[in-house]
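Structure first, commentary second.
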Amino acid sequence: MRIRETFEKRKNSGQKALVTYIVSGDYGYETTKENIREMVRAGADIIEIGVPFSDPIAEGIVIQEASQHSLSQGTTLKGIFQMVKELREEIKETPFVMMMYLNSIYRFGTKKFFDLCNECGIDGVIVPDMPYEEKDEIQGEATAHRVDNISLVTPTSHDRISMIAGDAEGFLYCVSSIGVTGTRSEFTTDFDSFFDVIKKNSEIPCAVGFGISGPEQAKTMSQYCDGVIVGSAIVKLISQHGTESPKHVYEFTHSLRKALDE
Amino acid sequence: MGKTGRFGEYGGQYVPEIVMNAVNELNEAYEKYKNDPDFLKELHYYYREYANRPSLLYYAEKMTKDLGGAKIYLKREDLNHTGAHKINNVLGQVLLAKRMGKKRIIAETGAGQHGVATATAAALFDMECVVYMGAEDVERQSLNAYRMELLGAKVVAVESGTRILKDAINEAMRDWATNIETTFYCIGSVMGPHPYPAMVRDFQKIIGEETRKQMQEKEGKLPDCVVACVGGGSNAMGAFYDFIKEESVRLVGAEAAGKGVDTDQHAATMAKGTKGIFHGMKSYFLQNEEGQINPVYSISAGLDYPGVGPEHAYLREIGRAEYVSITDEQAVRAFEYLSRLEGIIPAIESSHAVAAAMEIAPKMSQDETMVICLSGRGDKDVYQVARYRGVELDEN
């Protein structure tokens with residue numbers, strides 16, 4: 001519920017939502033926590049808590065390397081839940097969604113996973129390797145626990161958009177271009193027609209992600225939908241600055257917020 | 001819905017949305033052509049005229065006498081063009097790609113046999129070809145890497161992750177997601193999202209079909225036991241498939257135990273794996289309790305994979321096939337054994353099947369017969385085996 005309200009609040013004041021992503025545990029849980037605090041302070045509306053996976057097939061090199069680095073420091077799903085639980089005591093309003101590969105949920109135990117989502121205040125999950133046809137893998141437990149199962153649509157989805165958007169929960173994650181995550185210098189997707197089809201089929205908020213590298217692109221992309229998602233650009237900052245990253249993450253997030261509000 | 005392409009609970013289509021339309025398109029094309037007389041006629045033309053099928057079924061008389069049990073036959077997939085069973089599947093997929101209008105083929109490869117087969121078919125049918133190969137495998141199979149380049153393919157040495165087969169698959173999947181509109185992903189084993197496990201099996205089932213016919217001619221009966229090595233499991237599925245309905249035929253898969261299943265250096269998914277969802281399928285995987293995929297090890301780059309095809313998981317679950325683990329040491333001994341005894345140097349992958357047969361055959365009666373799927377030839381492995389034996393060869 002927090003997710004829909006967040007989008008509505010921004011919409012009612014004529015603004016766009018800002019969703020930011022982080023690879024949990026990269027340079028330690030404390031660094032992640034501090035970065036999330038800074039993102040929220042700088043105006044991020046929703047935090048995507050990335051759960052590192054050994055073989056992230058949908059990710060570009062930046063998130064791949066950060067995931068490996070995080071895992072090599074001993075990051076675990078249990079540890080991430082603990083971190084989220086602690087953060088939730090300070091950050092009450094901002095929705096947290098977990099972005100993770102299906103095997104992490106499956107192997108952990110789907111019911112146990114969603115129990116912990118409730119206990120720690122996770123509002124939604126995004127599972128990039130679980131298409132519509134396989135969503136029953138988690139849908140029952142997600143619904144029973146009132147955790148949004150957030151769907152993705154892509155420029156290759158075409159006639160699948162109506163099916164996916166029709167059942168979408170929380171917000172619809174619109175992938176800007178074909179390929180994996182990572183910043184891009186330009187986009188080749190025909191956004192007008194892509195978002196036309198999405199809007200016709202979707203009643204829930206839409207946010208666009210994949211490849212958004214900075215304030216200018218965020219601003220441009222935001223005209224098509226209700227919010228923008230920035231991931232790799234932030235992860236890159238954390239890789240560059242390590243435990244010193246929070247102030248850089250604040251500045252960057254702030255610049256995104258400012259661009260969106262202009 | 002959600003239940004397409006299942007073998008029991010295994011299989012499925014666990015891939016990113018970005019490739020779903022491509023997977024569906026492939027499935028439609030495969031359904032359309034798999035029983036199409038013109039398609040099958042063309043496929044069998046290339047099987048026969050280009051790949052050298054049917055492959056021989058050779059009676060290994062000396063091995064039979066030496067082991068003193070079942071009468072042993074070798075299904076000589078090593079005599080196929082490009083030196084392994086991989087060409088069977090590749091010809092099928094590339095002919096399908098051609099009908100789908102795709103001009104660019106990508107593939108992953110472990111030992112390099114699938115990469116070489118794909119590069120070969122791409123050369124034959126004038127297609128652009130990119131092969132992803134783990135950097136470590138490029139080092140230990142440099143001959144095959146160069147062979148692919150000779151054939152006109154681009155070989156990408158994958159430096160990410162553990163630098164072996166699974167990482168090559170990750171990179172191929174990323175390429176596929178990026179070039180989805182132009183590119184056909186030619187998967188080399190009975191793995192990945194539906195329809196790949198069923199489709200690759202169907203392109204490999206010729207192995208078992210020929211074996212049945214040849215055994216009928218030579219022995220006038222079905223074999224009592226069929227043995228094949230299992231990484232992802234394509235030569236095993238090909239050898240097993242026609243016999244699944246024949247309950248008298250014992251089916252044995254041999255997986256790689258590396259330095260031993262009780263060490264942390266093996267690729268014995270059946271012995272030590274747990275259920276998971278990875279690389280597009282629900283199956284068994286070597287993974288930790290949080291679902292992170294474990295690094296794996298085998299002397300054989302082709303068996304060095306942390307998962308197994310979903311149909312194998314199913315065959316084991318219903319008790320139709322059994323799976324044994326073979327160490328590096330056993331495989332190398334079998335490699336040397338078959339070389340000296342029969343004058344046939346088997347691939348180090350296939351040597352795992354030979355090693356399993358060496359355990360099983362002596363326990364069978366002399367009236368019984370066994371077929372070993374000799375999935376590939378071992379020229380590519382000579383350097384690796386020499387190194388294992390501490391012999392320094394002058395060239396890499």
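To be explicit about the labels: the chains of the structure tokens are called A, B, and onward in the order shown, and within each one the residues are counted from 1, while ligands get numbers from 1 in the order they are shown.
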Margin query: At a cut-off of 6 Å, which residues of chain B touch chain A? Count only C-alpha atoms and give the answer as a PyMOL selection string.
Written below: chain B and resi 2+14-18+170+177-178+276-277+290-292
I'd like the contact shell of A:Ile238 - 12 Å cut-off, only C-alpha atoms, skipping same-chain residues fewer than 2 positions apart - returned as a PyMOL selection string. chain A and resi 21-28+31-32+34-36+62-63+65-67+69-70+231-236+240-250+252
Excluding A:Met99 and any residue of its chain fewer than 5 positions from it, enumerate the residues within 7 Å of it, using only C-alpha atoms, and give them as a PDB file with N, CA, C and O atoms, in the first residue's frame.
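Ended up saving to result.pdb:
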ATOM      1  N   GLU A  48      15.008   0.513  -3.836  1.00  0.00           N
ATOM      2  CA  GLU A  48      15.143  -0.865  -4.288  1.00  0.00           C
ATOM      3  C   GLU A  48      16.345  -1.477  -3.590  1.00  0.00           C
ATOM      4  O   GLU A  48      17.481  -1.080  -3.827  1.00  0.00           O
ATOM      5  N   ILE A  49      16.045  -2.459  -2.722  1.00  0.00           N
ATOM      6  CA  ILE A  49      17.099  -3.121  -1.977  1.00  0.00           C
ATOM      7  C   ILE A  49      17.583  -4.302  -2.819  1.00  0.00           C
ATOM      8  O   ILE A  49      16.906  -5.328  -2.887  1.00  0.00           O
ATOM      9  N   GLY A  50      18.715  -4.155  -3.466  1.00  0.00           N
ATOM     10  CA  GLY A  50      19.223  -5.226  -4.326  1.00  0.00           C
ATOM     11  C   GLY A  50      19.838  -6.337  -3.488  1.00  0.00           C
ATOM     12  O   GLY A  50      20.623  -6.083  -2.586  1.00  0.00           O
ATOM     13  N   VAL A  51      19.431  -7.573  -3.781  1.00  0.00           N
ATOM     14  CA  VAL A  51      20.009  -8.731  -3.099  1.00  0.00           C
ATOM     15  C   VAL A  51      21.035  -9.343  -4.052  1.00  0.00           C
ATOM     16  O   VAL A  51      20.662  -9.809  -5.132  1.00  0.00           O
ATOM     17  N   VAL A 125       8.437  -6.916  -4.124  1.00  0.00           N
ATOM     18  CA  VAL A 125       9.609  -7.615  -4.663  1.00  0.00           C
ATOM     19  C   VAL A 125       9.617  -7.462  -6.186  1.00  0.00           C
ATOM     20  O   VAL A 125       8.565  -7.410  -6.817  1.00  0.00           O
ATOM     21  N   ILE A 126      10.826  -7.375  -6.740  1.00  0.00           N
ATOM     22  CA  ILE A 126      11.008  -7.367  -8.195  1.00  0.00           C
ATOM     23  C   ILE A 126      11.935  -8.536  -8.504  1.00  0.00           C
ATOM     24  O   ILE A 126      13.036  -8.618  -7.958  1.00  0.00           O
ATOM     25  N   VAL A 127      11.452  -9.455  -9.330  1.00  0.00           N
ATOM     26  CA  VAL A 127      12.230 -10.654  -9.632  1.00  0.00           C
ATOM     27  C   VAL A 127      12.462 -10.707 -11.146  1.00  0.00           C
ATOM     28  O   VAL A 127      11.583 -11.131 -11.889  1.00  0.00           O
TER      29      VAL A 127
END
* Can you pull out every residue within 10 Å of B:Leu67, counting only C-alpha atoms, but drop anything in the same chain fewer than 5 positions away, and send it as a list in words? =>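 In the requested format, the answer is Lys62, Ile72, Ala357, Met358, Glu359, Ile360, Ala361, Pro362, Lys363 and Met364 of chain B.
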Would you list, as a CSV table (one decimal) with N, CA, C and O atoms, in the first residue's frame, the residues of stretch 60-131 of chain B that end up in strand (DSSP E or B) under DSSP run on this structure's backbone?
chain,number,residue,atom,x,y,z
B,71,LYS,N,28.7,-57.7,-22.8
B,71,LYS,CA,29.2,-57.4,-24.1
B,71,LYS,C,29.1,-55.9,-24.4
B,71,LYS,O,28.0,-55.4,-24.3
B,72,ILE,N,30.2,-55.3,-24.6
B,72,ILE,CA,30.2,-53.8,-24.7
B,72,ILE,C,30.3,-53.3,-26.1
B,72,ILE,O,31.1,-53.7,-26.9
B,73,TYR,N,29.4,-52.4,-26.4
B,73,TYR,CA,29.4,-51.7,-27.7
B,73,TYR,C,29.6,-50.2,-27.4
B,73,TYR,O,29.2,-49.6,-26.4
B,74,LEU,N,30.4,-49.6,-28.3
B,74,LEU,CA,30.6,-48.1,-28.2
B,74,LEU,C,29.8,-47.4,-29.3
B,74,LEU,O,30.0,-47.7,-30.5
B,75,LYS,N,29.0,-46.5,-28.9
B,75,LYS,CA,28.3,-45.7,-29.9
B,75,LYS,C,29.2,-44.5,-30.3
B,75,LYS,O,29.5,-43.6,-29.5
B,76,ARG,N,29.7,-44.6,-31.5
B,76,ARG,CA,30.9,-43.7,-31.9
B,76,ARG,C,30.5,-42.3,-32.3
B,76,ARG,O,30.7,-41.9,-33.5
B,84,ALA,N,32.2,-34.7,-32.1
B,84,ALA,CA,31.4,-35.0,-31.0
B,84,ALA,C,29.9,-35.0,-31.4
B,84,ALA,O,29.6,-34.7,-32.5
B,104,ARG,N,22.3,-14.1,-37.1
B,104,ARG,CA,23.4,-14.1,-36.1
B,104,ARG,C,23.1,-15.2,-35.1
B,104,ARG,O,22.1,-15.3,-34.5
B,105,ILE,N,24.2,-16.0,-34.9
B,105,ILE,CA,24.1,-17.1,-34.0
B,105,ILE,C,25.0,-16.9,-32.8
B,105,ILE,O,26.2,-16.5,-33.0
B,106,ILE,N,24.5,-17.1,-31.6
B,106,ILE,CA,25.5,-17.1,-30.5
B,106,ILE,C,25.4,-18.4,-29.8
B,106,ILE,O,24.4,-19.1,-29.8
B,107,ALA,N,26.5,-18.7,-29.1
B,107,ALA,CA,26.5,-20.0,-28.3
B,107,ALA,C,27.5,-19.8,-27.1
B,107,ALA,O,28.3,-19.0,-27.1
B,108,GLU,N,27.2,-20.7,-26.1
B,108,GLU,CA,28.2,-20.8,-25.0
B,108,GLU,C,29.0,-22.1,-25.3
B,108,GLU,O,28.5,-23.0,-26.0
B,109,THR,N,30.2,-22.2,-24.7
B,109,THR,CA,30.8,-23.5,-24.8
B,109,THR,C,31.7,-23.8,-23.6
B,109,THR,O,32.2,-22.8,-23.0
B,128,GLU,N,26.6,-15.0,-39.1
B,128,GLU,CA,27.6,-14.5,-38.1
B,128,GLU,C,27.5,-15.3,-36.9
B,128,GLU,O,26.5,-15.7,-36.4
B,129,CYS,N,28.7,-15.6,-36.3
B,129,CYS,CA,28.7,-16.4,-35.1
B,129,CYS,C,29.6,-15.9,-34.0
B,129,CYS,O,30.8,-15.5,-34.2
B,130,VAL,N,29.1,-15.8,-32.8
B,130,VAL,CA,29.8,-15.4,-31.6
B,130,VAL,C,29.7,-16.5,-30.6
B,130,VAL,O,28.6,-16.9,-30.2
B,131,VAL,N,30.9,-16.9,-30.1
B,131,VAL,CA,30.9,-18.0,-29.1
B,131,VAL,C,31.5,-17.5,-27.7
B,131,VAL,O,32.6,-16.9,-27.7
One decimal, Å: what's the distance from atom CA of A:Glu119 over to atom CA of A:Phe81, could you say?
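Answer for the atom CA of A:Glu119 to atom CA of A:Phe81 separation: 8.9 Å.
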Helix (DSSP H, G or I) positions in stretch 27-217 of chain A, given as a PyMOL selection string = chain A and resi 29-41+61-72+77-90+102-108+110-120+132-134+136-144+158-166+191-201+215-217
Using only C-alpha atoms, the residue out of A:Val197, A:Ala42, A:Ala142, A:Ile212 with shortest distance to A:Met163 is A:Val197
Which neighbours of B:Arg53 fall inside 10 Å, counting only C-alpha atoms, when residues of the same chain fewer than 2 positions from it are skipped, and could you give them as a list in words?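 Returned residues: His44, Tyr45, Tyr46, Tyr47, Arg48, Glu49, Tyr50, Ala51, Ser55, Leu56, Arg76, Glu77, Leu79, Asn80, His81, Asn88, Ile206, Ile207 and Glu210 of chain B.
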Subject >> Who sits within 8 Å of A:Thr20, only C-alpha atoms, same chain under 5 positions skipped, as a PyMOL selection string >> reply: chain A and resi 39+44-48+229-231+234
| query | Near B:Ser300, within 10 Å and counting only C-alpha atoms, which residues show up once chain neighbours fewer than 4 positions away are dropped, as a VMD selection string? | reply | chain B and resid 110 to 111 137 140 231 256 258 267 304 to 305 328 331 to 332 347 to 352 381 384 to 385
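Here atom CA of A:Arg4 is placed at a distance of 5.9 Å from atom CA of A:Gly170.
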Q. Which value, in Å to one decimal, gives the distance between atom CA of B:Lys275 and atom CA of B:Ala356?
A.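 We find that atom CA of B:Lys275 and atom CA of B:Ala356 lie 24.8 Å from each other.
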